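K.L.:
Dropping a structure here in structure tokens format, bear with me for questions.
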Amino acid sequence: MEELLNNTFDKIRKPKILTKYVDDIFAILKKSDVAETLKTLNSFNNYIQFTKEEEYDGKLPYLDSVVYRHGNQLKIDWYQKSTASGRLINFYSKHHKRVITNTATNFIRRVFSISDPDFHPDNERKIKAILRANDFPNWTINSLLGKAKERLGKIIDGEQPTKGKIYKSLTYIQGFSERFGKSNLYDKDKYHLALKTGKTVNELFSKTKCKIKNEEKSNVVYKIRCNGDKSNICPMAYIGTTMTKLKTRLSAHKSDQKANNRPIEQKTALAAHCALTGHKPNLNDVDILAQENNYRRRFTLEMLHIIDLPPDERMNFKKDIESCAKVYRHTVNKHSRREHLVANRQ
């Protein structure tokens, strides 16, 4: 959007006002220039096409506000689309009452801060109707409105808000959290409790998506064991990584094995091992060790898992771990030795 405006602004008659939020543009320009301005904006890129909404009856909606023309002045009022549900957090929902009242308070402050004082009486009636629909008692609504008006008056008078407290997040436990908040176990002048609910949508609903099969997963670090041959069991394993689906990478491993005319040094460590020993890899039971979309992190995870394998079970080439910092190698090797000792004791 910035590039679009920078490249088209000099081609249009400059409007008196032009402002934007993401892909919404508000502009004041002559009626005779509207069509040409729209054409110029739409000529920048065929995939970025604007539609226009012109002033009607002295007003024009913009985001969650509506701009009114009052003579030579513009006044802004809070605006809700006809499809708005008006749903806030219900007053009797399982949250700490401070969370519930803060949600309503922020809603009230937003409506008042957006709208011109001339529209406050009408907006106050709308606020009351929305809060009642969310089961807020009348005395709570009147209290919240009174505090919001008092704060707004202080801001208009130029008073500086008090210094904010440090917020600490805690899970809300009904009954206990209220007592803890009134106790002297923490410095109330310095800290403020931000209580969150432990009941999330994820807990209430079961997994609706089907589990993705391992071979359909991408951006993974995987482990392939060697099946050995008919007479010998081979303990060797190969660690690899791929950004494509695992089944696609396994197909590439199969093709690499079948390429008998390819030199050993051009094969993967897995194919080289099988070519030299006559063994076959177990491509039907591949372990996924990690899944990571970021390439650098996934590459580092691959090297760490290779280092974690005992050297006599490691099929990968030495070059596969050359980029791994020594501090990581020391930590992983120390951990592996400790695990080995514990296993032997058992």
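Please note that chains go A, B, ... in the order of the structure tokens, that every chain numbers its residues from 1, and that ligands are numbered from 1 in the order shown.
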Using only C-alpha atoms, which protein or nucleic acid residues come within 10 Å of A:Gly86? Drop anything in the same chain fewer than 4 positions from it, and give the result as a VMD selection string.

P.N.:
chain A and resid 80 126 to 127 129 to 131 133 to 134

K.L.:
Using only C-alpha atoms, which protein or nucleic acid residues come within 9 Å of A:Ser113? Drop anything in the same chain fewer than 4 positions from it, and give the result as a ChimeraX atom specification.

P.N.:
/A:78,108-109,117,152

K.L.:
Determine, using only C-alpha atoms, which residues of stretch 156-229 of chain A have any atom at most 8 Å from an atom of stretch 287-295 of chain A, and tabulate each with its shortest atom pair and distance in Å to one decimal place, rows ordered by chain and then rising number, as CSV.

P.N.:
residue,atom,partner,partner_atom,distance
A:Asn214,CA,A:Ile288,CA,7.2
A:Ser218,CA,A:Gln291,CA,7.6
A:Asn219,CA,A:Asn293,CA,5.4
A:Val220,CA,A:Gln291,CA,4.3
A:Val221,CA,A:Ala290,CA,5.1
A:Tyr222,CA,A:Ile288,CA,4.4
A:Lys223,CA,A:Asp287,CA,5.1
A:Ile224,CA,A:Asp287,CA,6.8

K.L.:
Going by DSSP on the backbone, which residues of stretch 243-296 of chain A come out as alpha helix (DSSP H)? List them as a PyMOL selection string.

P.N.:
chain A and resi 246-258+269-277+295-296

K.L.:
Quick one: distance from atom CA of A:Ala27 to atom CA of A:Glu54 in Å, one decimal?

P.N.:
9.9 Å

K.L.:
As a PyMOL selection string, please: the residues near A:Thr37 (cut-off 10 Å, only C-alpha atoms, same-chain neighbours under 6 positions excluded).

P.N.:
chain A and resi 8-9+11-15+29+43

K.L.:
With C-alpha atoms retained, could you export that selection as a tab-separated table (two decimals), in the first residue's frame?

P.N.:
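out-v3.tsv written:
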chain	number	residue	atom	x	y	z
A	8	THR	CA	0.42	7.15	-7.76
A	9	PHE	CA	0.25	10.24	-5.55
A	11	LYS	CA	-0.38	11.32	-10.84
A	12	ILE	CA	-3.58	12.48	-9.14
A	13	ARG	CA	-4.86	15.90	-8.14
A	14	LYS	CA	-3.75	16.23	-4.53
A	15	PRO	CA	-6.67	15.76	-2.11
A	29	LEU	CA	-11.25	15.61	-2.88
A	43	SER	CA	-3.88	1.14	-12.69

K.L.:
Residues within 12 Å of A:Asn45, please, as a ChimeraX atom specification. Count only C-alpha atoms; anything in the same chain fewer than 3 positions from it doesn't count.

P.N.:
/A:1,3-5,7-8,39-42,48-50

K.L.:
Nearest to A:His305 among A:Ala194, A:Ala237, A:Glu215, A:Leu283, with distances taken over only C-alpha atoms: which residue is it?

P.N.:
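Between A:Ala194, A:Ala237, A:Glu215, A:Leu283, the residue approaching A:His305 most closely is A:Ala237.
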